[in-house]
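What's in entry_14.csv: CSV, C-alpha atoms
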chain,number,residue,atom,x,y,z
A,989,MET,CA,0.0,0.0,0.0
A,990,GLU,CA,1.2,3.5,-0.7
A,991,ILE,CA,2.5,5.5,2.2
A,992,GLU,CA,3.3,9.2,2.8
A,993,LYS,CA,4.9,11.3,5.5
A,994,PHE,CA,2.5,12.0,8.2
A,995,TYR,CA,3.7,15.6,8.8
A,996,ASN,CA,4.0,18.2,6.1
A,997,LYS,CA,7.6,19.6,6.1
A,998,GLU,CA,6.4,23.1,5.0
A,999,GLU,CA,3.9,23.2,7.8
A,1000,ILE,CA,6.5,22.1,10.4
A,1001,GLN,CA,8.8,24.9,9.2
A,1002,LYS,CA,6.0,27.5,10.0
A,1003,ASN,CA,6.1,26.5,13.7
A,1004,ASP,CA,7.1,29.1,16.2
A,1005,HIS,CA,5.8,27.4,19.3
A,1006,ARG,CA,7.6,27.1,22.7
A,1007,ASN,CA,7.7,24.2,25.2
A,1008,TYR,CA,6.3,24.9,28.6
A,1009,PHE,CA,8.3,24.0,31.8
A,1010,LYS,CA,8.4,25.3,35.3
A,1011,ASN,CA,5.7,27.8,34.4
A,1012,GLN,CA,7.8,29.3,31.7
A,1013,HIS,CA,7.9,29.1,27.9
A,1014,VAL,CA,11.2,27.9,26.6
A,1015,LYS,CA,12.6,27.2,23.1
A,1016,GLY,CA,15.7,25.3,22.1
A,1017,VAL,CA,18.5,23.6,24.0
A,1018,GLU,CA,20.2,26.7,25.3
A,1019,GLU,CA,17.0,28.2,26.9
A,1020,THR,CA,16.0,24.9,28.4
A,1021,ALA,CA,19.4,24.0,29.8
A,1022,LYS,CA,19.5,27.5,31.4
A,1023,LEU,CA,16.1,27.0,32.9
A,1024,PHE,CA,17.1,23.7,34.5
A,1025,SER,CA,20.6,25.0,35.4
A,1026,VAL,CA,22.2,22.1,33.7
A,1027,ALA,CA,26.0,21.9,34.2
A,1028,ASP,CA,28.3,21.1,31.3
A,1029,ASN,CA,29.1,17.7,32.7
A,1030,GLU,CA,25.3,16.9,32.8
A,1031,LEU,CA,24.6,17.8,29.2
A,1032,PRO,CA,25.1,14.2,27.9
A,1033,PHE,CA,22.1,13.2,30.0
A,1034,PHE,CA,20.0,15.9,28.5
A,1035,THR,CA,18.6,13.5,25.9
A,1036,PRO,CA,15.2,15.0,25.2
A,1037,THR,CA,16.8,17.9,23.3
A,1038,ASP,CA,18.2,15.6,20.5
A,1039,ARG,CA,21.4,15.0,22.4
A,1040,PRO,CA,22.7,11.4,22.3
A,1041,VAL,CA,22.5,9.0,25.2
A,1042,PHE,CA,25.7,9.1,27.2
A,1043,GLY,CA,26.9,5.6,26.2
A,1044,VAL,CA,29.5,3.5,24.4
A,1045,PHE,CA,27.9,1.9,21.3
A,1046,PRO,CA,29.2,-1.0,19.3
A,1047,PRO,CA,30.1,-0.5,15.6
A,1048,ASP,CA,26.6,-1.5,14.4
A,1049,GLY,CA,25.0,1.1,16.8
A,1050,SER,CA,22.8,-1.4,18.6
A,1051,PRO,CA,21.5,0.2,21.8
A,1052,PHE,CA,21.0,-3.3,23.2
A,1053,GLU,CA,24.7,-4.0,23.2
A,1054,ALA,CA,25.7,-0.4,24.3
A,1055,ARG,CA,27.0,0.4,27.7
A,1056,CYS,CA,26.5,3.4,29.9
A,1057,GLY,CA,29.7,5.5,29.8
A,1058,ASN,CA,29.7,6.1,33.6
A,1059,THR,CA,29.0,2.7,35.0
A,1060,GLY,CA,29.7,0.2,32.2
A,1061,MET,CA,26.2,-1.3,32.6
A,1062,LEU,CA,24.4,-2.5,29.5
A,1063,LEU,CA,21.8,0.0,28.5
A,1064,ARG,CA,19.3,-2.9,28.2
A,1065,ASP,CA,19.8,-3.6,31.9
A,1066,MET,CA,19.5,0.1,32.9
A,1067,SER,CA,16.2,1.7,33.6
A,1068,ARG,CA,15.6,5.4,32.7
A,1069,ALA,CA,15.2,6.1,36.4
A,1070,LEU,CA,18.7,4.7,37.1
A,1071,TYR,CA,20.2,6.5,34.1
A,1072,LEU,CA,18.8,9.9,35.0
A,1073,SER,CA,19.8,9.5,38.6
A,1074,LEU,CA,23.5,9.7,37.6
A,1075,PRO,CA,23.5,13.5,37.0
A,1076,MET,CA,23.5,15.8,40.0
A,1077,ASN,CA,20.5,17.8,38.7
A,1078,ALA,CA,17.5,15.6,39.3
A,1079,GLU,CA,15.2,18.1,37.7
A,1080,ILE,CA,16.4,16.9,34.3
A,1081,MET,CA,14.2,13.9,34.9
A,1082,ASN,CA,11.1,16.1,34.7
A,1083,TYR,CA,11.9,17.5,31.2
A,1084,GLY,CA,9.9,16.5,28.1
A,1085,ASP,CA,11.3,13.0,28.1
A,1086,GLY,CA,9.1,12.4,31.1
A,1087,LEU,CA,6.5,11.3,28.6
A,1088,TYR,CA,7.9,7.8,29.0
A,1089,PRO,CA,7.7,5.5,32.1
A,1090,MET,CA,10.8,5.6,34.2
A,1091,LYS,CA,11.0,1.8,34.4
A,1092,ILE,CA,11.6,1.1,30.7
A,1093,SER,CA,15.2,0.4,29.8
A,1094,VAL,CA,17.4,3.0,28.1
A,1095,ALA,CA,18.0,0.7,25.2
A,1096,ASP,CA,14.3,0.3,24.5
A,1097,LYS,CA,13.8,4.0,24.5
A,1098,VAL,CA,16.8,4.6,22.2
A,1099,ALA,CA,15.7,1.9,19.8
A,1100,TYR,CA,12.3,3.4,19.6
A,1101,HIS,CA,13.5,6.9,18.9
A,1102,ASN,CA,16.0,5.7,16.3
A,1103,LEU,CA,13.1,4.7,14.1
A,1104,PHE,CA,11.8,8.3,13.9
A,1105,GLN,CA,14.9,10.4,13.7
A,1106,PRO,CA,14.3,12.7,10.7
A,1107,ASP,CA,18.0,13.1,9.7
A,1108,TYR,CA,19.0,9.4,9.4
A,1109,SER,CA,19.8,9.2,5.7
A,1110,ASP,CA,20.2,5.4,5.8
A,1111,ASN,CA,16.6,5.0,7.1
A,1112,PRO,CA,14.2,5.8,4.2
A,1113,LEU,CA,11.3,5.5,6.7
A,1114,ALA,CA,12.7,7.9,9.2
A,1115,GLY,CA,9.9,10.1,10.6
A,1116,TYR,CA,6.2,9.3,11.1
A,1117,HIS,CA,4.4,7.9,8.1
A,1118,THR,CA,0.8,7.0,7.3
A,1119,ILE,CA,-1.1,5.1,4.6
A,1120,VAL,CA,-2.5,7.2,1.9
A,1121,GLY,CA,-6.1,7.7,2.6
A,1122,GLY,CA,-5.7,7.0,6.3
A,1123,MET,CA,-4.7,4.0,8.4
A,1124,GLU,CA,-8.2,2.6,8.3
A,1125,GLN,CA,-7.5,1.7,4.6
A,1126,LEU,CA,-5.3,-1.1,6.0
A,1127,ILE,CA,-8.2,-2.7,7.7
A,1128,HIS,CA,-10.4,-2.3,4.7
A,1129,ARG,CA,-7.7,-3.9,2.5
A,1130,LEU,CA,-7.2,-6.8,4.9
A,1131,VAL,CA,-10.9,-7.5,5.2
A,1132,LYS,CA,-11.4,-7.4,1.4
A,1133,ASP,CA,-8.5,-9.7,0.7
A,1134,LEU,CA,-9.6,-12.2,3.3
A,1135,ASP,CA,-13.2,-12.2,2.2
A,1136,GLU,CA,-12.1,-12.9,-1.4
A,1137,ASN,CA,-9.9,-15.8,-0.4
A,1138,PRO,CA,-12.0,-19.1,-0.7
A,1139,ARG,CA,-9.8,-20.9,1.8
A,1140,VAL,CA,-10.4,-18.3,4.6
A,1141,THR,CA,-13.4,-17.8,6.8
A,1142,LEU,CA,-13.3,-14.4,8.4
A,1143,LYS,CA,-15.2,-14.1,11.7
A,1144,ALA,CA,-15.5,-10.5,12.7
A,1145,SER,CA,-16.9,-9.5,16.2
A,1146,PHE,CA,-16.3,-13.1,17.3
A,1147,TRP,CA,-15.4,-13.0,21.0
A,1148,VAL,CA,-13.3,-16.2,21.4
A,1149,THR,CA,-13.7,-17.9,24.8
A,1150,SER,CA,-12.2,-21.3,24.2
A,1151,ILE,CA,-10.1,-23.2,21.6
A,1152,ALA,CA,-9.9,-27.0,21.3
A,1153,GLU,CA,-7.0,-28.4,19.3
A,1154,GLU,CA,-7.5,-31.9,18.0
A,1155,ASP,CA,-4.7,-34.5,17.4
A,1156,ASP,CA,-5.0,-33.8,13.6
A,1157,LYS,CA,-4.1,-30.2,14.4
A,1158,SER,CA,-7.5,-28.9,13.5
A,1159,PHE,CA,-9.0,-26.2,15.7
A,1160,THR,CA,-12.5,-25.8,17.1
A,1161,VAL,CA,-13.0,-22.2,18.2
A,1162,SER,CA,-16.0,-21.4,20.5
A,1163,SER,CA,-17.7,-18.1,21.4
A,1164,GLU,CA,-20.2,-17.3,24.0
A,1165,SER,CA,-22.2,-15.4,21.4
A,1166,ILE,CA,-25.3,-17.4,20.4
A,1167,THR,CA,-25.1,-16.1,16.8
A,1168,SER,CA,-21.5,-17.0,16.3
A,1169,GLY,CA,-21.3,-20.3,18.2
A,1170,ARG,CA,-18.4,-22.4,16.9
A,1171,VAL,CA,-16.1,-22.5,13.9
A,1172,LYS,CA,-13.6,-25.2,12.8
A,1173,GLY,CA,-10.5,-24.9,10.7
A,1174,SER,CA,-7.1,-26.4,10.0
A,1175,LYS,CA,-5.2,-23.2,10.7
A,1176,LEU,CA,-6.0,-20.3,13.0
A,1177,ILE,CA,-5.1,-16.6,13.2
A,1178,LEU,CA,-6.3,-14.7,16.3
A,1179,ALA,CA,-6.5,-11.0,15.9
A,1180,CYS,CA,-6.2,-9.9,19.6
A,1181,ASN,CA,-3.8,-8.4,22.0
A,1182,GLY,CA,-2.0,-10.0,25.0
A,1183,LEU,CA,-5.0,-9.5,27.3
A,1184,GLY,CA,-7.3,-11.1,24.9
A,1185,ILE,CA,-5.1,-14.2,24.6
A,1186,GLN,CA,-5.0,-14.6,28.4
A,1187,GLN,CA,-8.8,-14.7,28.5
A,1188,ILE,CA,-9.0,-17.7,26.1
A,1189,SER,CA,-9.3,-21.2,27.5
A,1190,TRP,CA,-7.1,-23.7,25.6
A,1191,THR,CA,-7.6,-27.5,25.3
A,1192,SER,CA,-4.6,-29.0,23.5
A,1193,SER,CA,-2.1,-31.8,23.9
A,1194,TYR,CA,0.5,-29.4,22.5
A,1195,ASN,CA,0.3,-27.2,25.7
A,1196,ARG,CA,-0.2,-24.0,23.7
A,1197,ALA,CA,-1.0,-21.8,26.8
A,1198,THR,CA,2.4,-22.1,28.4
A,1199,PRO,CA,4.5,-20.7,25.5
A,1200,LEU,CA,1.9,-18.1,24.8
A,1201,HIS,CA,2.0,-16.8,28.4
A,1202,ARG,CA,5.8,-17.0,28.4
A,1203,LEU,CA,5.8,-14.7,25.3
A,1204,ILE,CA,3.3,-12.3,26.9
A,1205,SER,CA,5.3,-12.1,30.1
A,1206,ARG,CA,8.2,-10.5,28.1
A,1207,VAL,CA,5.9,-7.7,26.9
A,1208,GLN,CA,5.9,-4.7,29.3
A,1209,PRO,CA,2.4,-3.4,29.9
A,1210,CYS,CA,2.2,0.3,29.5
A,1211,GLN,CA,-0.9,2.4,30.2
A,1212,ALA,CA,-1.4,5.5,28.1
A,1213,VAL,CA,-3.8,8.4,27.7
A,1214,LYS,CA,-4.7,10.3,24.5
A,1215,LEU,CA,-7.4,13.0,24.6
A,1216,PHE,CA,-8.4,14.5,21.2
A,1217,LEU,CA,-10.5,17.7,21.2
A,1218,THR,CA,-12.1,19.1,18.1
A,1219,TYR,CA,-12.9,22.8,17.7
A,1220,ASP,CA,-14.5,25.0,15.0
A,1221,LYS,CA,-11.0,26.4,14.1
A,1222,ALA,CA,-7.3,25.7,14.7
A,1223,TRP,CA,-6.8,28.4,17.4
A,1224,TRP,CA,-3.4,26.9,18.3
A,1225,GLU,CA,-2.0,28.2,15.0
A,1226,GLU,CA,-2.4,31.7,16.3
A,1227,LYS,CA,0.0,30.6,19.1
A,1228,GLY,CA,2.6,29.3,16.7
A,1229,LEU,CA,1.9,25.6,16.6
A,1230,PHE,CA,1.0,24.5,13.1
A,1231,CYS,CA,2.2,20.9,12.9
A,1232,GLY,CA,4.0,18.5,15.3
A,1233,SER,CA,4.3,18.3,19.1
A,1234,LEU,CA,5.3,20.5,22.0
A,1235,GLN,CA,6.3,19.3,25.5
A,1236,THR,CA,5.4,20.3,29.0
A,1237,ASP,CA,5.9,19.2,32.5
A,1238,LEU,CA,2.1,19.4,33.2
A,1239,ALA,CA,0.0,16.3,33.3
A,1240,VAL,CA,-1.0,16.5,29.6
A,1241,LYS,CA,2.8,16.0,28.8
A,1242,GLU,CA,2.6,16.3,25.0
A,1243,ILE,CA,0.3,18.3,22.7
A,1244,THR,CA,0.2,17.6,19.0
A,1245,ALA,CA,-1.2,19.5,16.0
A,1246,PHE,CA,-1.7,17.8,12.7
A,1247,GLY,CA,-1.6,20.7,10.3
A,1248,SER,CA,-3.8,20.4,7.2
A,1249,ARG,CA,-4.3,16.7,8.0
A,1250,GLY,CA,-6.2,17.6,11.1
A,1251,LYS,CA,-8.5,20.3,9.6
A,1252,SER,CA,-11.6,20.6,7.5
A,1253,PRO,CA,-13.5,23.7,6.5
A,1254,GLU,CA,-15.7,23.2,9.6
A,1255,PHE,CA,-13.5,21.7,12.2
A,1256,ALA,CA,-9.9,21.3,13.6
A,1257,THR,CA,-8.7,18.6,15.9
A,1258,LEU,CA,-5.9,18.8,18.5
A,1259,LEU,CA,-4.3,15.9,20.4
A,1260,ALA,CA,-4.6,17.8,23.7
A,1261,ALA,CA,-3.0,15.3,25.9
A,1262,PHE,CA,-0.7,12.3,25.3
A,1263,THR,CA,1.2,10.6,28.1
A,1264,TYR,CA,2.3,7.2,29.5
A,1265,VAL,CA,2.8,8.6,33.0
A,1266,HIS,CA,0.4,10.0,35.6
A,1267,THR,CA,-2.4,8.1,33.9
A,1268,ASP,CA,-4.0,7.6,37.3
A,1269,ILE,CA,-4.8,11.4,37.3
A,1270,PHE,CA,-6.9,11.0,34.1
A,1271,ALA,CA,-8.5,7.8,35.4
A,1272,GLY,CA,-9.6,9.6,38.5
A,1273,LEU,CA,-11.1,12.4,36.3
A,1274,ASN,CA,-13.0,10.0,34.1
A,1275,MET,CA,-14.9,7.8,36.5
A,1276,PRO,CA,-17.9,6.1,35.0
A,1277,HIS,CA,-20.4,8.0,37.2
A,1278,TYR,CA,-19.1,11.4,36.3
A,1279,PRO,CA,-21.2,13.5,33.9
A,1280,LYS,CA,-20.0,13.0,30.3
A,1281,PHE,CA,-18.9,15.8,28.0
A,1282,VAL,CA,-21.9,16.6,25.8
A,1283,ASN,CA,-20.8,16.0,22.2
A,1284,LYS,CA,-22.9,18.2,19.9
A,1285,VAL,CA,-21.5,17.2,16.5
A,1286,GLY,CA,-20.4,13.9,15.0
A,1287,ASN,CA,-21.0,10.3,15.9
A,1288,VAL,CA,-18.5,9.5,18.7
A,1289,PRO,CA,-18.9,6.1,20.4
A,1290,PRO,CA,-20.2,6.6,24.0
A,1291,ASN,CA,-17.2,4.7,25.4
A,1292,LEU,CA,-14.8,7.3,23.8
A,1293,ILE,CA,-16.5,10.4,25.2
A,1294,PRO,CA,-14.6,11.7,28.2
A,1295,SER,CA,-16.1,13.3,31.3
A,1296,GLN,CA,-16.8,17.0,31.4
A,1297,LEU,CA,-14.4,17.1,34.4
A,1298,MET,CA,-11.5,15.7,32.3
A,1299,VAL,CA,-12.2,18.2,29.4
A,1300,ASP,CA,-12.2,21.1,31.9
A,1301,TYR,CA,-9.0,19.9,33.5
A,1302,VAL,CA,-7.2,19.6,30.1
A,1303,HIS,CA,-8.6,23.0,29.0
A,1304,LYS,CA,-7.0,24.7,32.0
A,1305,GLN,CA,-3.6,23.2,31.1
A,1306,LEU,CA,-4.0,24.2,27.5
A,1307,GLN,CA,-4.6,27.8,28.7
A,1308,LYS,CA,-1.4,27.7,30.7
A,1309,VAL,CA,0.7,26.3,27.8
A,1310,PHE,CA,-0.7,28.6,25.1
A,1311,GLY,CA,-1.3,31.6,27.3
Take the structure in this file and express it as structure tokens.
Amino acid sequence: MEIEKFYNKEEIQKNDHRNYFKNQHVKGVEETAKLFSVADNELPFFTPTDRPVFGVFPPDGSPFEARCGNTGMLLRDMSRALYLSLPMNAEIMNYGDGLYPMKISVADKVAYHNLFQPDYSDNPLAGYHTIVGGMEQLIHRLVKDLDENPRVTLKASFWVTSIAEEDDKSFTVSSESITSGRVKGSKLILACNGLGIQQISWTSSYNRATPLHRLISRVQPCQAVKLFLTYDKAWWEEKGLFCGSLQTDLAVKEITAFGSRGKSPEFATLLAAFTYVHTDIFAGLNMPHYPKFVNKVGNVPPNLIPSQLMVDYVHKQLQKVFG
């Protein structure tokens, strides 16, 4: 399928926004380092501002075989909390990189960021991309191709509860739904996440459950919050943010504008909050019994509508960030 850059380069170049830390607007490495009183010997730890991790990397650049320059520990064995405890200035830990949980390893974080560095000439996919027409086109394409394959039975909305594997390696898949019942096949693809797999009861002489659970145990669970708010105009452009993200030490952590991709003649959408940390704050603001935000336009599923309390809370933080 055809892909394209998610962000428009020309729109990014129009940006004149500033990050917001310690109740101040800051822009660039120099202003931010001054705000945090970062000493010269601490600059290598100042990774959020496009500075490299302070480590010794092998010739192939693999972060999983790299070692911390100060301690000699492998970065894969070193959590971000441990890495950032090495500099004297603990406030560095609260800078924009606080978007990520402190328990993940430094190697995991570096490997993730290496995928999206815009100036890596040897990586043709550097930067964020999307499928032309939107990511939903991938789902439409998969469903169409599977439906047209005479050897495949596609069962959508089929909540699998149990799987019985026979000695001939055929599968009988059961669902609690009366309408879906059971389906049998010689091969099986389950489209679900780790939590879904753990809720399935397996009957098999091949002991499928144990290796599946062993694989799942290696995946680190990570809660996240994304709150999208849609307005009748892109007011954030008046504040210098046209496309891309800005960082803050407030609970919303990261705010993202999508440029022309996030606008229509009637509406404009902002990713008003994106964070992997302090998710308990948002959970507390979005309890099921709290009054929901009254959505006046568009067909938004009820389970995706936030509480009015959460919207008010995020609006107050947007007012601080944008003035």
### Message
Around the point (4.1, 25.5, 35.8) (coordinates from the file), which residues reach within 10 Å if we count only C-alpha atoms? Answer as a ChimeraX atom specification.
### Response
/A:1008-1013,1236-1238,1305,1308-1309
Would you export the selected residues with C-alpha atoms as a PDB file, in the frame of the given file, please?
ATOM      1  CA  TYR A1008       6.300  24.900  28.600  1.00  0.00           C
ATOM      2  CA  PHE A1009       8.300  24.000  31.800  1.00  0.00           C
ATOM      3  CA  LYS A1010       8.400  25.300  35.300  1.00  0.00           C
ATOM      4  CA  ASN A1011       5.700  27.800  34.400  1.00  0.00           C
ATOM      5  CA  GLN A1012       7.800  29.300  31.700  1.00  0.00           C
ATOM      6  CA  HIS A1013       7.900  29.100  27.900  1.00  0.00           C
ATOM      7  CA  THR A1236       5.400  20.300  29.000  1.00  0.00           C
ATOM      8  CA  ASP A1237       5.900  19.200  32.500  1.00  0.00           C
ATOM      9  CA  LEU A1238       2.100  19.400  33.200  1.00  0.00           C
ATOM     10  CA  GLN A1305      -3.600  23.200  31.100  1.00  0.00           C
ATOM     11  CA  LYS A1308      -1.400  27.700  30.700  1.00  0.00           C
ATOM     12  CA  VAL A1309       0.700  26.300  27.800  1.00  0.00           C
TER      13      VAL A1309
END
#### Entry: Counting all atoms listed in the file, the option among A:Thr1244, A:Asn1195, A:Asn1102, A:Gln1211 closest to Gly1049 of chain A
A:Asn1102
Skipping near chain neighbours, those fewer than 3 positions away, what residues fall within 12 Å of Leu1130 of chain A using all atoms listed in the file, listed as a CSV table (one decimal) with C-alpha atoms, in the frame of the given file?
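So selection-v2.csv came out as:
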chain,number,residue,atom,x,y,z
A,989,MET,CA,0.0,0.0,0.0
A,1123,MET,CA,-4.7,4.0,8.4
A,1124,GLU,CA,-8.2,2.6,8.3
A,1125,GLN,CA,-7.5,1.7,4.6
A,1126,LEU,CA,-5.3,-1.1,6.0
A,1127,ILE,CA,-8.2,-2.7,7.7
A,1133,ASP,CA,-8.5,-9.7,0.7
A,1134,LEU,CA,-9.6,-12.2,3.3
A,1135,ASP,CA,-13.2,-12.2,2.2
A,1136,GLU,CA,-12.1,-12.9,-1.4
A,1137,ASN,CA,-9.9,-15.8,-0.4
A,1140,VAL,CA,-10.4,-18.3,4.6
A,1142,LEU,CA,-13.3,-14.4,8.4
A,1144,ALA,CA,-15.5,-10.5,12.7
A,1179,ALA,CA,-6.5,-11.0,15.9
### Task
Would you list the contacts of Gln1296 of chain A as a PyMOL selection string, taking every protein, DNA or RNA residue within 6 Å and counting all atoms listed in the file, but skipping same-chain residues closer than 2 positions in sequence?
chain A and resi 1280-1281+1298-1299
Just to be explicit: take each residue in the selection above, keep C-alpha atoms, and write the result as a compact mmCIF listing (two decimals), in the frame of the given file.
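This went into selection.txt:
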# COMPACT_ATOMS: atom_id res chain seq x y z
CA LYS A 1280 -20.00 13.00 30.30
CA PHE A 1281 -18.90 15.80 28.00
CA MET A 1298 -11.50 15.70 32.30
CA VAL A 1299 -12.20 18.20 29.40
### Query
With all atoms listed in the file as the atoms that count, which of A:Gly1232, A:Ala1261, A:Pro1294, A:Arg1196 lies nearest to Arg1249 of chain A?
A:Gly1232
